[in-house]
>>> print(open('final02.cif').read())   # mmCIF, C-alpha atoms and all ligand atoms
data_run
#
loop_
_atom_site.label_atom_id
_atom_site.label_comp_id
_atom_site.auth_asym_id
_atom_site.auth_seq_id
_atom_site.Cartn_x
_atom_site.Cartn_y
_atom_site.Cartn_z
CA MET A 1 -18.68 7.82 -5.70
CA PRO A 2 -15.46 8.81 -3.88
CA PRO A 3 -12.13 8.72 -5.71
CA MET A 4 -10.05 5.57 -5.31
CA HIS A 5 -7.32 5.33 -2.72
CA GLU A 6 -9.09 7.32 0.00
CA VAL A 7 -8.54 4.12 1.96
CA ALA A 8 -4.86 3.23 1.78
CA HIS A 9 -5.24 -0.45 2.60
CA LEU A 10 -6.88 -3.17 4.64
CA ALA A 11 -5.27 -3.14 8.07
CA HIS A 12 -5.41 -5.50 11.04
CA LEU A 13 -8.35 -7.84 11.57
CA GLU A 14 -9.82 -9.17 14.77
CA LEU A 15 -10.65 -12.86 14.88
CA ARG A 16 -12.71 -14.45 17.63
CA THR A 17 -11.92 -17.84 19.09
CA ARG A 18 -13.21 -20.06 21.86
CA VAL A 19 -9.75 -21.56 22.27
CA LEU A 20 -7.45 -18.55 22.49
CA ASP A 21 -4.25 -20.37 23.50
CA GLU A 22 -4.60 -22.93 20.70
CA SER A 23 -5.37 -20.22 18.16
CA VAL A 24 -2.33 -18.22 19.26
CA ALA A 25 -0.19 -21.35 18.84
CA PHE A 26 -1.54 -21.79 15.29
CA PHE A 27 -0.75 -18.19 14.35
CA THR A 28 2.75 -18.34 15.81
CA ASP A 29 3.92 -21.92 15.19
CA TYR A 30 2.13 -22.56 11.90
CA LEU A 31 1.73 -19.17 10.20
CA GLY A 32 4.89 -17.72 11.77
CA LEU A 33 3.45 -14.53 13.25
CA THR A 34 4.94 -13.03 16.41
CA VAL A 35 3.00 -12.08 19.55
CA THR A 36 3.55 -8.40 20.36
CA GLN A 37 1.33 -7.96 23.39
CA THR A 38 -1.67 -9.20 25.32
CA VAL A 39 -4.37 -6.81 26.51
CA GLY A 40 -7.23 -8.32 28.48
CA ASP A 41 -8.74 -11.13 26.43
CA SER A 42 -6.92 -10.13 23.24
CA VAL A 43 -3.54 -11.21 21.86
CA PHE A 44 -1.92 -9.00 19.21
CA LEU A 45 0.22 -10.60 16.51
CA HIS A 46 2.56 -9.26 13.84
CA ALA A 47 3.53 -10.66 10.41
CA PHE A 48 7.15 -9.96 9.53
CA ASP A 49 6.58 -7.57 6.63
CA ASP A 50 3.81 -5.50 8.22
CA TYR A 51 4.94 -1.90 8.79
CA GLU A 52 2.18 -1.47 11.36
CA GLN A 53 2.22 -2.93 14.84
CA THR A 54 -0.66 -5.35 14.49
CA THR A 55 -1.60 -7.77 11.72
CA VAL A 56 -4.13 -9.86 13.62
CA LYS A 57 -5.86 -9.46 16.97
CA LEU A 58 -7.14 -12.71 18.46
CA THR A 59 -9.89 -12.26 21.03
CA ALA A 60 -11.28 -14.90 23.37
CA HIS A 61 -15.00 -15.13 22.70
CA GLU A 62 -17.90 -17.52 23.09
CA THR A 63 -17.99 -18.08 19.33
CA SER A 64 -15.64 -17.96 16.35
CA GLY A 65 -15.93 -15.40 13.56
CA ILE A 66 -14.62 -11.98 12.75
CA GLY A 67 -14.60 -8.98 15.07
CA ARG A 68 -13.47 -5.59 13.83
CA THR A 69 -11.98 -5.12 10.36
CA ASN A 70 -9.68 -2.09 10.33
CA VAL A 71 -8.79 0.04 7.32
CA ARG A 72 -6.25 2.86 7.23
CA ALA A 73 -7.30 6.11 5.58
CA ALA A 74 -4.85 7.66 3.13
CA SER A 75 -4.55 10.96 5.04
CA PRO A 76 -6.17 12.84 7.94
CA GLU A 77 -8.31 14.65 5.35
CA ALA A 78 -9.37 11.38 3.72
CA LEU A 79 -10.34 10.07 7.15
CA GLU A 80 -12.52 13.13 7.75
CA ARG A 81 -14.15 12.82 4.35
CA ARG A 82 -14.89 9.11 4.79
CA VAL A 83 -16.35 9.62 8.28
CA THR A 84 -18.63 12.35 6.96
CA GLU A 85 -19.93 9.99 4.27
CA ILE A 86 -20.27 7.04 6.64
CA GLU A 87 -22.30 9.16 9.05
CA ALA A 88 -24.47 10.47 6.22
CA GLY A 89 -25.20 6.88 5.16
CA GLY A 90 -26.47 5.99 8.62
CA HIS A 91 -24.04 3.14 9.34
CA GLY A 92 -21.75 5.03 11.75
CA ILE A 93 -21.23 3.99 15.36
CA GLY A 94 -18.75 6.58 16.68
CA TRP A 95 -15.16 7.33 17.64
CA VAL A 96 -13.13 5.13 19.97
CA ASP A 97 -9.49 4.94 21.02
CA GLY A 98 -7.80 2.73 18.46
CA ASP A 99 -6.08 -0.54 19.22
CA PRO A 100 -2.48 -0.25 20.48
CA GLY A 101 -0.34 1.63 17.94
CA ILE A 102 -3.20 3.28 16.06
CA GLY A 103 -4.96 6.57 16.66
CA PRO A 104 -8.59 7.58 17.01
CA THR A 105 -10.73 5.08 15.17
CA TYR A 106 -14.20 5.63 13.78
CA LEU A 107 -16.39 2.55 14.03
CA PHE A 108 -19.11 1.66 11.58
CA ARG A 109 -20.85 -1.36 10.12
CA ASP A 110 -21.37 -2.58 6.58
CA PRO A 111 -25.01 -3.25 5.62
CA ASP A 112 -24.55 -6.89 6.66
CA GLY A 113 -23.47 -5.84 10.17
CA HIS A 114 -19.73 -6.60 10.07
CA GLU A 115 -17.90 -4.08 12.25
CA PHE A 116 -15.27 -1.86 10.67
CA GLY A 117 -12.87 0.74 12.06
CA ILE A 118 -11.20 3.50 10.04
CA TYR A 119 -8.25 5.54 11.31
CA TYR A 120 -5.24 7.42 10.03
CA GLU A 121 -2.63 7.73 12.79
CA SER A 122 -0.36 4.70 12.99
CA GLU A 123 2.80 4.25 15.01
CA TRP A 124 5.03 2.02 12.93
CA TYR A 125 6.24 -1.35 14.20
CA ARG A 126 9.74 -1.35 15.66
CA ALA A 127 11.31 -4.75 15.99
CA PRO A 128 12.65 -5.51 19.46
CA ALA A 129 16.22 -6.72 19.91
CA GLY A 130 16.42 -10.26 18.61
CA LEU A 131 13.76 -9.68 15.96
CA ALA A 132 15.52 -6.83 14.16
CA PRO A 133 15.99 -7.44 10.42
CA SER A 134 19.33 -7.23 8.67
CA LEU A 135 17.83 -4.97 5.99
CA LYS A 136 16.30 -1.74 7.18
CA ASN A 137 13.55 -1.83 4.54
CA GLN A 138 11.92 -4.84 6.22
CA ALA A 139 9.85 -4.53 9.39
CA GLN A 140 11.08 -7.62 11.20
CA ALA A 141 13.53 -10.46 10.67
CA TYR A 142 12.18 -13.52 8.88
CA PRO A 143 10.43 -15.63 11.52
CA ASN A 144 12.16 -18.85 10.45
CA ARG A 145 9.16 -20.71 11.85
CA GLY A 146 6.21 -22.42 10.24
CA VAL A 147 4.98 -21.04 6.92
CA GLY A 148 6.40 -17.58 7.60
CA VAL A 149 3.63 -15.62 5.88
CA ARG A 150 4.61 -12.17 4.71
CA ARG A 151 1.43 -10.16 5.38
CA LEU A 152 -2.32 -10.14 5.60
CA ASP A 153 -3.75 -10.27 2.08
CA HIS A 154 -7.54 -10.11 2.16
CA VAL A 155 -10.75 -10.78 4.02
CA ASN A 156 -13.70 -12.72 2.57
CA PHE A 157 -16.94 -11.89 4.36
CA LEU A 158 -20.16 -13.82 4.01
CA GLY A 159 -23.13 -11.58 3.31
CA VAL A 160 -26.87 -12.20 3.26
CA GLU A 161 -26.78 -10.22 0.03
CA VAL A 162 -23.63 -9.25 -1.84
CA VAL A 163 -24.75 -6.14 -3.71
CA PRO A 164 -25.53 -3.76 -0.80
CA ASN A 165 -22.18 -4.57 0.81
CA ARG A 166 -20.26 -4.26 -2.46
CA ASP A 167 -21.91 -0.93 -3.17
CA TYR A 168 -21.20 0.28 0.34
CA LEU A 169 -17.45 -0.38 0.05
CA ARG A 170 -17.43 1.20 -3.41
CA ASP A 171 -19.57 4.25 -2.67
CA THR A 172 -18.46 5.00 0.88
CA LEU A 173 -14.83 3.86 1.02
CA GLY A 174 -13.82 4.16 -2.63
CA ALA A 175 -13.18 0.48 -3.30
CA LEU A 176 -12.88 -0.73 -6.90
CA VAL A 177 -14.89 -3.81 -7.92
CA THR A 178 -12.55 -6.09 -9.86
CA GLU A 179 -14.29 -9.46 -10.34
CA GLN A 180 -17.72 -10.92 -9.59
CA ILE A 181 -19.85 -14.05 -9.80
CA VAL A 182 -23.12 -13.24 -11.56
CA LEU A 183 -25.74 -16.01 -11.63
CA ASP A 184 -28.06 -16.60 -14.60
CA ASP A 185 -30.91 -14.79 -12.83
CA GLY A 186 -28.68 -11.74 -12.37
CA THR A 187 -27.95 -12.32 -8.67
CA VAL A 188 -24.43 -11.31 -7.70
CA ALA A 189 -23.18 -14.25 -5.64
CA GLY A 190 -19.68 -12.91 -5.02
CA SER A 191 -17.81 -9.64 -5.43
CA TRP A 192 -14.09 -8.93 -5.16
CA THR A 193 -13.07 -5.35 -4.34
CA THR A 194 -9.77 -3.58 -3.85
CA PHE A 195 -8.51 -0.43 -2.14
CA THR A 196 -5.07 -0.82 -3.68
CA ASN A 197 -3.50 -2.15 -6.87
CA LYS A 198 -3.84 -5.73 -5.69
CA GLY A 199 -6.63 -7.68 -7.35
CA TYR A 200 -8.64 -7.74 -4.14
CA ASP A 201 -8.62 -6.73 -0.50
CA ALA A 202 -12.21 -7.34 0.61
CA VAL A 203 -14.62 -9.93 -0.76
CA TYR A 204 -18.27 -10.65 -0.16
CA THR A 205 -19.78 -14.00 -1.02
CA ARG A 206 -23.37 -15.03 -0.41
CA ASP A 207 -24.16 -16.73 2.89
CA ARG A 208 -26.30 -19.77 2.08
CA THR A 209 -27.70 -19.71 5.62
CA ALA A 210 -28.75 -16.06 5.19
CA THR A 211 -27.14 -15.22 8.54
CA PRO A 212 -25.68 -11.70 8.74
CA GLY A 213 -22.18 -10.78 9.89
CA ARG A 214 -20.32 -14.01 9.25
CA LEU A 215 -16.85 -14.77 7.93
CA HIS A 216 -15.78 -17.06 5.09
CA HIS A 217 -12.03 -16.67 5.55
CA ILE A 218 -9.07 -14.37 5.99
CA ALA A 219 -5.95 -14.82 3.87
CA PHE A 220 -2.21 -14.34 4.25
CA ALA A 221 0.20 -13.78 1.40
CA THR A 222 3.26 -15.91 0.84
CA ASP A 223 6.17 -14.96 -1.39
CA THR A 224 5.84 -17.91 -3.75
CA ARG A 225 3.61 -20.78 -4.80
CA ALA A 226 6.25 -23.11 -3.41
CA ASP A 227 5.63 -21.66 0.06
CA ILE A 228 2.03 -22.83 -0.24
CA LEU A 229 3.05 -26.38 -1.14
CA ARG A 230 5.38 -26.34 1.85
CA ALA A 231 2.53 -24.96 3.99
CA ALA A 232 0.59 -28.14 3.18
CA ASP A 233 3.56 -30.25 4.27
CA ILE A 234 3.92 -28.30 7.52
CA ALA A 235 0.15 -28.59 8.13
CA ILE A 236 0.25 -32.38 8.24
CA ASP A 237 3.28 -32.30 10.54
CA GLN A 238 1.57 -29.88 12.93
CA GLY A 239 -1.88 -31.49 12.81
CA VAL A 240 -3.46 -28.50 11.06
CA PHE A 241 -6.71 -29.38 9.27
CA ILE A 242 -6.48 -28.91 5.49
CA GLU A 243 -9.88 -28.21 3.96
CA THR A 244 -8.80 -28.03 0.32
CA GLY A 245 -5.88 -27.24 -1.92
CA PRO A 246 -3.30 -26.49 -3.00
CA HIS A 247 -5.12 -25.59 -6.22
CA LYS A 248 -5.57 -22.52 -8.39
CA HIS A 249 -8.73 -20.39 -8.47
CA ALA A 250 -10.03 -19.14 -11.81
CA ILE A 251 -11.25 -15.94 -10.13
CA GLN A 252 -8.21 -13.71 -9.52
CA GLN A 253 -6.02 -16.71 -10.49
CA THR A 254 -4.98 -17.18 -6.89
CA PHE A 255 -2.94 -20.25 -5.93
CA PHE A 256 -4.32 -21.33 -2.57
CA LEU A 257 -4.48 -23.61 0.44
CA TYR A 258 -7.35 -23.49 2.92
CA VAL A 259 -6.91 -24.65 6.50
CA TYR A 260 -8.89 -24.18 9.70
CA GLU A 261 -7.32 -22.61 12.75
CA PRO A 262 -8.21 -24.34 16.05
CA GLY A 263 -11.04 -21.89 16.74
CA GLY A 264 -12.72 -23.05 13.51
CA ASN A 265 -12.05 -19.95 11.40
CA ARG A 266 -10.96 -20.71 7.84
CA ILE A 267 -7.53 -19.38 6.94
CA GLU A 268 -6.17 -19.15 3.41
CA LEU A 269 -2.57 -19.13 2.31
CA CYS A 270 -2.53 -17.37 -1.04
CA ASN A 271 -0.34 -16.25 -3.87
CA ALA A 272 -1.77 -14.26 -6.75
CA GLY A 273 1.54 -14.07 -8.58
CA ALA A 274 2.48 -10.77 -10.12
CA ARG A 275 -1.02 -9.66 -11.07
CA LEU A 276 -1.91 -6.03 -10.39
CA VAL A 277 -4.88 -3.86 -11.26
CA LEU A 278 -3.44 -0.67 -12.70
CA ALA A 279 -6.27 0.54 -14.93
CA PRO A 280 -8.24 3.43 -13.40
CA ASP A 281 -11.14 2.49 -15.72
CA TRP A 282 -11.05 -1.21 -14.87
CA GLN A 283 -14.37 -2.94 -15.61
CA PRO A 284 -15.47 -5.80 -13.33
CA VAL A 285 -14.84 -9.25 -14.78
CA ASP A 286 -18.13 -11.14 -14.40
CA TRP A 287 -18.01 -14.94 -14.15
CA THR A 288 -21.17 -16.75 -15.26
CA GLU A 289 -22.76 -19.87 -13.76
CA THR A 290 -21.59 -21.91 -16.74
CA GLU A 291 -18.03 -20.70 -16.29
CA ARG A 292 -18.18 -21.38 -12.56
CA ALA A 293 -19.46 -24.91 -13.24
CA LYS A 294 -16.10 -25.67 -14.86
CA GLY A 295 -14.63 -25.49 -11.36
CA GLN A 296 -11.28 -24.06 -10.38
CA ALA A 297 -8.70 -23.00 -12.93
CA TRP A 298 -7.34 -26.51 -12.43
CA GLY A 299 -7.05 -28.94 -9.58
CA LEU A 300 -9.84 -30.78 -7.85
CA LYS A 301 -13.48 -29.71 -7.79
CA THR A 302 -14.42 -27.20 -5.08
CA ILE A 303 -15.14 -29.11 -1.88
CA GLU A 304 -18.73 -28.87 -0.54
CA SER A 305 -17.68 -27.46 2.84
CA PHE A 306 -16.28 -24.43 1.00
CA HIS A 307 -19.91 -23.49 0.32
CA THR A 308 -21.27 -24.38 3.75
CA HIS A 309 -18.62 -23.65 6.40
CA GLY A 310 -18.55 -20.13 7.81
CA THR A 311 -17.89 -18.70 11.23
CA PRO A 312 -19.51 -18.49 13.64
CA PRO A 313 -21.24 -21.75 12.75
CA VAL A 314 -25.03 -21.75 12.45
CA GLY A 315 -27.79 -24.30 11.92
CA GLU A 316 -26.64 -27.85 11.33
CA ASN A 317 -23.00 -26.91 11.79
CA ALA A 318 -23.46 -25.13 15.13
FE FE A 401 -9.52 -15.82 -0.47
#
>>> encode(input="final02.cif", output="structure tokens")
Amino acid sequence: MPPMHEVAHLAHLELRTRVLDESVAFFTDYLGLTVTQTVGDSVFLHAFDDYEQTTVKLTAHETSGIGRTNVRAASPEALERRVTEIEAGGHGIGWVDGDPGIGPTYLFRDPDGHEFGIYYESEWYRAPAGLAPSLKNQAQAYPNRGVGVRRLDHVNFLGVEVVPNRDYLRDTLGALVTEQIVLDDGTVAGSWTTFTNKGYDAVYTRDRTATPGRLHHIAFATDTRADILRAADIAIDQGVFIETGPHKHAIQQTFFLYVYEPGGNRIELCNAGARLVLAPDWQPVDWTETERAKGQAWGLKTIESFHTHGTPPVGENA
């Protein structure tokens, strides 16, 4: 098992949408991200506190869902070490030029088939005139628009099986498993893993349709719980579909709101308070079926679509 922190953090994600212009409007007007550039069928967007150039890449596509998930290695040496292990495990694809602002990127897939890219070189974001912050320790001025999310927080993949994907992130990338859902028959139905000291960066939950490579949601961090309440207010003003929330999860104790962007991908606004995982010998917190049956920490019961909606849609939902 590699040491922790070989991967510095989850970096920009690519989301696919059939309605690119509407999705871009959601990310700018509702979430408060800023468009940095358009290349071909892809629009690159930046959240105000992201030191890198890209937070989200939206790509026009025939379906919704997640494209490439990028992670930044902690050093050039860590990148080399991770690529060697990825190749040895048989899930490697090969090197490509990175997206704008990032260097050579090694592509690979998790056992479920989700595409990942790992890189080290990153040209930091430099705010253009008009978006420059007052304080030089902030990447960009506050957007003063929509929710104004601070940064990407995590990605929640759907997986045909959780365990092989969890083990892959742990054994190949050095992720730490922090919390899990373990059913009475021993099946792991969900696993929360982190590359950092946050409670989680990448999550796998079981896909009830047993379709590989799908997405449950991606999440953006707000400064406060109050921002999430306000996000619900702004959603009804802007015609954004609220799936559920604001409530508080028991797992990771995250205060949340789930909405759908116009392309159908589920987006979470989240705030996990001040919780950090500092213990190097942290043991996964396993939640049982009985504990899960109690529902969220508080708030309404989990809505059924939370267990059935993923992107791209399949079966009855397609
Ligand atoms: Fe989440």
>>> atom_distance(input="final02.cif", atom1="atom CA of Thr290 of chain A", atom2="atom CA of Ser191 of chain A")
17.1 Å
>>> residues_around(input="final02.cif", residues="segment 44-56 of chain A", least_positions_apart="4", cutoff="7 Å", atoms="all atoms listed in the file", output="PyMOL selection string")
chain A and resi 11-14+33-38+101+122-125+138-143+149-152
>>> atom_distance(input="final02.cif", atom1="atom CA of Thr28 of chain A", atom2="atom CA of Arg145 of chain A")
7.9 Å
>>> closest_atom_pairs(input="final02.cif", of="segment 15-91 of chain A", to="segment 102-113 of chain A", cutoff="8 Å", atoms="all atoms listed in the file", output="JSON lines")
{"residue": "A:Val83", "atom": "CA", "partner": "A:Tyr106", "partner_atom": "CA", "distance": 7.1}
{"residue": "A:Ile86", "atom": "CA", "partner": "A:Phe108", "partner_atom": "CA", "distance": 7.4}
{"residue": "A:His91", "atom": "CA", "partner": "A:Arg109", "partner_atom": "CA", "distance": 5.6}
>>> residues_near_ligand(input="final02.cif", ligand="ligand FE 401 (chain A)", cutoff="8 Å", atoms="all atoms listed in the file", output="number ranges by chain")
A: 154-156, 203, 217-219, 254, 256, 268, 270
>>> closest_residue(input="final02.cif", among="A:Ala250, A:Ala297, A:Val19, A:Leu58", to="Gly263 of chain A", atoms="all atoms listed in the file")
A:Val19
>>> atom_distance(input="final02.cif", atom1="atom CA of Val188 of chain A", atom2="atom CA of Leu176 of chain A")
15.7 Å
>>> residues_around(input="final02.cif", residues="Leu269 of chain A", least_positions_apart="2", cutoff="10 Å", atoms="all atoms listed in the file", output="mmCIF file with C-alpha atoms, keeping the file's coordinate frame")
data_model
loop_
_atom_site.group_PDB
_atom_site.id
_atom_site.type_symbol
_atom_site.label_atom_id
_atom_site.label_comp_id
_atom_site.auth_asym_id
_atom_site.auth_seq_id
_atom_site.Cartn_x
_atom_site.Cartn_y
_atom_site.Cartn_z
ATOM 1 C CA LEU A 31 1.730 -19.170 10.200
ATOM 2 C CA VAL A 147 4.980 -21.040 6.920
ATOM 3 C CA VAL A 149 3.630 -15.620 5.880
ATOM 4 C CA LEU A 152 -2.320 -10.140 5.600
ATOM 5 C CA ASP A 153 -3.750 -10.270 2.080
ATOM 6 C CA ILE A 218 -9.070 -14.370 5.990
ATOM 7 C CA ALA A 219 -5.950 -14.820 3.870
ATOM 8 C CA PHE A 220 -2.210 -14.340 4.250
ATOM 9 C CA ALA A 221 0.200 -13.780 1.400
ATOM 10 C CA THR A 222 3.260 -15.910 0.840
ATOM 11 C CA ARG A 225 3.610 -20.780 -4.800
ATOM 12 C CA ASP A 227 5.630 -21.660 0.060
ATOM 13 C CA ILE A 228 2.030 -22.830 -0.240
ATOM 14 C CA LEU A 229 3.050 -26.380 -1.140
ATOM 15 C CA ALA A 231 2.530 -24.960 3.990
ATOM 16 C CA ALA A 232 0.590 -28.140 3.180
ATOM 17 C CA GLY A 245 -5.880 -27.240 -1.920
ATOM 18 C CA PRO A 246 -3.300 -26.490 -3.000
ATOM 19 C CA THR A 254 -4.980 -17.180 -6.890
ATOM 20 C CA PHE A 255 -2.940 -20.250 -5.930
ATOM 21 C CA PHE A 256 -4.320 -21.330 -2.570
ATOM 22 C CA LEU A 257 -4.480 -23.610 0.440
ATOM 23 C CA TYR A 258 -7.350 -23.490 2.920
ATOM 24 C CA VAL A 259 -6.910 -24.650 6.500
ATOM 25 C CA ILE A 267 -7.530 -19.380 6.940
ATOM 26 C CA ASN A 271 -0.340 -16.250 -3.870
#
>>> residues_near_point(input="final02.cif", point="(-17.8, -8.5, -1.7)", cutoff="6 Å", atoms="only C-alpha atoms", output="ChimeraX atom specification")
/A:162,166,190-192,203-205
>>> closest_residue(input="final02.cif", among="A:Glu289, A:Asp184, A:Glu80, A:Glu179", to="Trp95 of chain A", atoms="all atoms listed in the file")
A:Glu80
>>> closest_residue(input="final02.cif", among="A:Met1, A:Ile303, A:Ala293, A:Val240", to="Arg82 of chain A", atoms="all atoms listed in the file")
A:Met1
>>> axis_aligned_box(input="final02.cif", around="segment 62-75 of chain A", padding_each_side="5 Å", output="lines of an AutoDock Vina configuration file")
center_x = -11.3
center_y = -3.6
center_z = 13.1
size_x = 23.4
size_y = 39.0
size_z = 30.0
>>> closest_residue(input="final02.cif", among="A:Gln296, A:Thr69, A:Thr194, A:Gln283", to="His247 of chain A", atoms="all atoms listed in the file")
A:Gln296
>>> closest_residue(input="final02.cif", among="A:Asp223, A:Asp21, A:Glu62, A:Asp171", to="Glu6 of chain A", atoms="only C-alpha atoms")
A:Asp171
>>> closest_residue(input="final02.cif", among="A:Ala235, A:Val285, A:Leu173, A:Val160", to="Pro212 of chain A", atoms="only C-alpha atoms")
A:Val160
>>> build_atoms(input="final02.cif", residues="segment 67-87 of chain A", atoms="N, CA and C atoms", output="mmCIF file, in the frame of the given file")
data_model
loop_
_atom_site.group_PDB
_atom_site.id
_atom_site.type_symbol
_atom_site.label_atom_id
_atom_site.label_comp_id
_atom_site.auth_asym_id
_atom_site.auth_seq_id
_atom_site.Cartn_x
_atom_site.Cartn_y
_atom_site.Cartn_z
ATOM 1 N N GLY A 67 -14.234 -10.167 14.301
ATOM 2 C CA GLY A 67 -14.600 -8.980 15.070
ATOM 3 C C GLY A 67 -14.445 -7.773 14.164
ATOM 4 N N ARG A 68 -13.604 -6.838 14.588
ATOM 5 C CA ARG A 68 -13.470 -5.590 13.830
ATOM 6 C C ARG A 68 -12.480 -5.738 12.664
ATOM 7 N N THR A 69 -12.866 -5.229 11.516
ATOM 8 C CA THR A 69 -11.980 -5.120 10.360
ATOM 9 C C THR A 69 -11.508 -3.671 10.291
ATOM 10 N N ASN A 70 -10.210 -3.455 10.352
ATOM 11 C CA ASN A 70 -9.680 -2.090 10.330
ATOM 12 C C ASN A 70 -9.171 -1.736 8.932
ATOM 13 N N VAL A 71 -9.385 -0.473 8.554
ATOM 14 C CA VAL A 71 -8.790 0.040 7.320
ATOM 15 C C VAL A 71 -8.093 1.355 7.658
ATOM 16 N N ARG A 72 -6.976 1.611 6.984
ATOM 17 C CA ARG A 72 -6.250 2.860 7.230
ATOM 18 C C ARG A 72 -6.590 3.859 6.130
ATOM 19 N N ALA A 73 -7.035 5.041 6.536
ATOM 20 C CA ALA A 73 -7.300 6.110 5.580
ATOM 21 C C ALA A 73 -5.984 6.620 5.003
ATOM 22 N N ALA A 74 -6.056 7.233 3.824
ATOM 23 C CA ALA A 74 -4.850 7.660 3.130
ATOM 24 C C ALA A 74 -4.240 8.938 3.730
ATOM 25 N N SER A 75 -5.027 9.699 4.459
ATOM 26 C CA SER A 75 -4.550 10.960 5.040
ATOM 27 C C SER A 75 -5.561 11.372 6.109
ATOM 28 N N PRO A 76 -5.182 12.347 6.958
ATOM 29 C CA PRO A 76 -6.170 12.840 7.940
ATOM 30 C C PRO A 76 -7.403 13.409 7.244
ATOM 31 N N GLU A 77 -7.180 14.061 6.097
ATOM 32 C CA GLU A 77 -8.310 14.650 5.350
ATOM 33 C C GLU A 77 -9.213 13.544 4.774
ATOM 34 N N ALA A 78 -8.593 12.498 4.261
ATOM 35 C CA ALA A 78 -9.370 11.380 3.720
ATOM 36 C C ALA A 78 -10.194 10.722 4.827
ATOM 37 N N LEU A 79 -9.610 10.637 6.011
ATOM 38 C CA LEU A 79 -10.340 10.070 7.150
ATOM 39 C C LEU A 79 -11.588 10.917 7.436
ATOM 40 N N GLU A 80 -11.384 12.224 7.493
ATOM 41 C CA GLU A 80 -12.520 13.130 7.750
ATOM 42 C C GLU A 80 -13.606 12.979 6.694
ATOM 43 N N ARG A 81 -13.178 12.944 5.445
ATOM 44 C CA ARG A 81 -14.150 12.820 4.350
ATOM 45 C C ARG A 81 -14.926 11.497 4.430
ATOM 46 N N ARG A 82 -14.211 10.412 4.732
ATOM 47 C CA ARG A 82 -14.890 9.110 4.790
ATOM 48 C C ARG A 82 -15.865 9.075 5.965
ATOM 49 N N VAL A 83 -15.458 9.628 7.110
ATOM 50 C CA VAL A 83 -16.350 9.620 8.280
ATOM 51 C C VAL A 83 -17.606 10.420 7.994
ATOM 52 N N THR A 84 -17.456 11.547 7.309
ATOM 53 C CA THR A 84 -18.630 12.350 6.960
ATOM 54 C C THR A 84 -19.597 11.532 6.107
ATOM 55 N N GLU A 85 -19.055 10.791 5.140
ATOM 56 C CA GLU A 85 -19.930 9.990 4.270
ATOM 57 C C GLU A 85 -20.538 8.805 5.001
ATOM 58 N N ILE A 86 -19.746 8.185 5.869
ATOM 59 C CA ILE A 86 -20.270 7.040 6.640
ATOM 60 C C ILE A 86 -21.429 7.514 7.516
ATOM 61 N N GLU A 87 -21.237 8.641 8.169
ATOM 62 C CA GLU A 87 -22.300 9.160 9.050
ATOM 63 C C GLU A 87 -23.542 9.510 8.232
#
